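Here the structure comes first, spelled out in structure tokens, and everything after it is commentary.
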Amino acid sequence: MSEQTAVIGAGVMGETLISGLVRSGHAPSSLLVGERRAERAAELEERYGVRVVDNLTAAREAQTVALVIKPQDMGAVLDEIAPALRPGQLLVSLAAGITTAFVESHVPEGVAVVRVMPNTPALVDEGMAAVSEGSSVTEEQLAYAESLMSSVGKVLRIPEKQQDAVTAISGSGPAYLFYVVESMIEAGVHLGLPRATSTDLVVQTLVGSGAMLRETGTHPTVLREQVTSPAGTTAAALRELEVHGVRAAFLAAMEAARDRSAALGS
Ligand SMILES: NC(=O)C1=CN([C@@H]2O[C@H](COP(=O)(O)OP(=O)(O)OC[C@H]3O[C@@H](n4cnc5c(N)ncnc54)[C@H](OP(=O)(O)O)[C@@H]3O)[C@@H](O)[C@H]2O)C=CC1
Ligand SMILES: O=C(O)[C@@H]1CCC=N1
């Protein structure tokens, strides 16, 4: 497919997708962006060379429309663009919680719907996107949706019933890791390090640990054990994490995110 692709909703995630598509070689002239604020439209046109239009024009002219608006706005935007949609077009929803059935119920029959859960590391081409198909998607359409996301990272095809759990893990996951990073930097400051030194130490430790996980394929338990010398510093620290219930807190946090995703879709 070499037709136009539209992105409706150019906030944090929408702009991340637009920037990644341009970076990966999609011609800016093949990208339409649905954005209602004139000032923001001018900024996007200048930054990426894309054409910013109203949502109806985006839906009419594009063969594929990515919806990157808030879940709470999805019904209204679908109702707005439905008159411009036609069978054979592809809608790719990146919204948390919103089911393919919900999208299909607002658009003409024959419009294909794919649900994607992306994440913000797509900004540096290290995204993780999970993709699920709706009820009438061709293999070519699914492959096209996957290709949009693989231009900014890794893509996994999953059954839609796993999407709320996936949202709790990889969709929201970057925020948990940034929270851990913030906490470690603050702890370093408490221990007397300059903030800049603490930040350098923590960021490189995270990047190095991530690279080890990916490049060695070794189980994280083994990697953790390798750091934990008998009666050493790491054992002392990990004991405190257990005492403070950090593992249980992660489980509770991700259950809450999963439940919130399900609630957004109901
Ligand atoms: N941020 C993240 O890490 C992730 C987000 N997502 C999903 O991406 C979606 C967007 O989230 P996020 O980018 O964080 O949110 P933002 O609030 O940053 O972006 C939403 C954008 O949608 C625009 N918008 C709202 N209504 C309309 C409309 N009628 N027409 C055109 N644009 C409209 C808003 O414009 P305006 O500013 O003018 O209101 C805003 O730019 C959500 O559904 C979220 O679940 C998924 C995975 C990760
Ligand atoms: O917080 C949210 O609702 C969105 C979905 C996943 C990440 N951010």
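Starting from 1 in every chain, residues are counted up; chains themselves are A, B, ... following the order of the structure tokens, and ligands are numbered from 1 as listed.
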
- Task: Can you list, as a PyMOL selection string, all residues belonging to range 83-227 of chain A that DSSP tags as strand (DSSP E or B)?
- Result: chain A and resi 90-93+112-117+127-133+153-157

- Task: All residues within 12 Å of ligand 2 are required, counting only C-alpha atoms and all ligand atoms; please report them as a PyMOL selection string.
- Result: chain A and resi 11-14+68-72+93-98+116-121+128-130+163-176+254+256-265

- Message: List as a list in words the protein and nucleic acid residues near Ala27 in chain A, meaning an atom at most 12 Å away when only C-alpha atoms are counted, but skip any in the same chain fewer than 2 places from it.
- Response: Ser2, Glu3, Gln4, Thr5, Ile18, Ser19, Gly20, Leu21, Val22, Arg23, Ser24, Gly25, Ser29, Ser30, Leu31, Leu32, Tyr48, Gly49, Val50 and Arg51 of chain A

- Mind the document's chain letters and residue numbers, and return as a ChimeraX atom specification the residues of range 217-259 of chain A that DSSP labels alpha helix (DSSP H). /A:220-227,233-243,246-259

- Query: Mind pulling up the distance from CA of Ala38 in chain A to CA of Val103 in chain A?
  - Reply: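 These atoms are spaced 27.4 Å apart.
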
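Rounded to one decimal, CA of Gly245 in chain A and CA of Ile185 in chain A lie 20.1 Å from each other.
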
- CA of Arg86 in chain A and CA of Ser135 in chain A, how far apart in Å?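 Those two atoms sit 15.9 Å apart.
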
- Message: When you count only C-alpha atoms, which of these residues is closest to Glu126 in chain A: A:Val114, A:Arg214, A:Thr199, A:Ala249?
- Response: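 Going through A:Val114, A:Arg214, A:Thr199, A:Ala249 one by one, the smallest distance to Glu126 in chain A is for A:Arg214.
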
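The shell of residues at most 12 Å from Arg40 in chain A, with only C-alpha atoms counted and near chain neighbours (fewer than 2 positions) removed, consists of Gly9, Ala10, Gly11, Glu15, Val33, Gly34, Glu35, Arg36, Arg37, Ala38, Ala42, Glu43, Leu44, Glu45, Glu46, Arg47, Val52 and Val53 of chain A.
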
- Among the residues A:Arg157, A:Arg115, A:His26, A:Arg224, the one that comes closest to ligand 1 [using only C-alpha atoms and all ligand atoms]: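 Of A:Arg157, A:Arg115, A:His26, A:Arg224, the one nearest ligand 1, counting only C-alpha atoms and all ligand atoms, is A:Arg115.
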
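Of the residues under consideration (A:Asn55, A:Val124, A:Met149, A:Ala252), A:Asn55 shows the shortest atom-to-atom contact distance to ligand 1 when counting only C-alpha atoms and all ligand atoms.
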
- Query: Taking only C-alpha atoms into account, which of A:Ser105, A:Ala41, A:Ala66, A:Gly192 comes nearest Leu148 in chain A?
  - Reply: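 The closest residue to Leu148 in chain A is A:Ala66.
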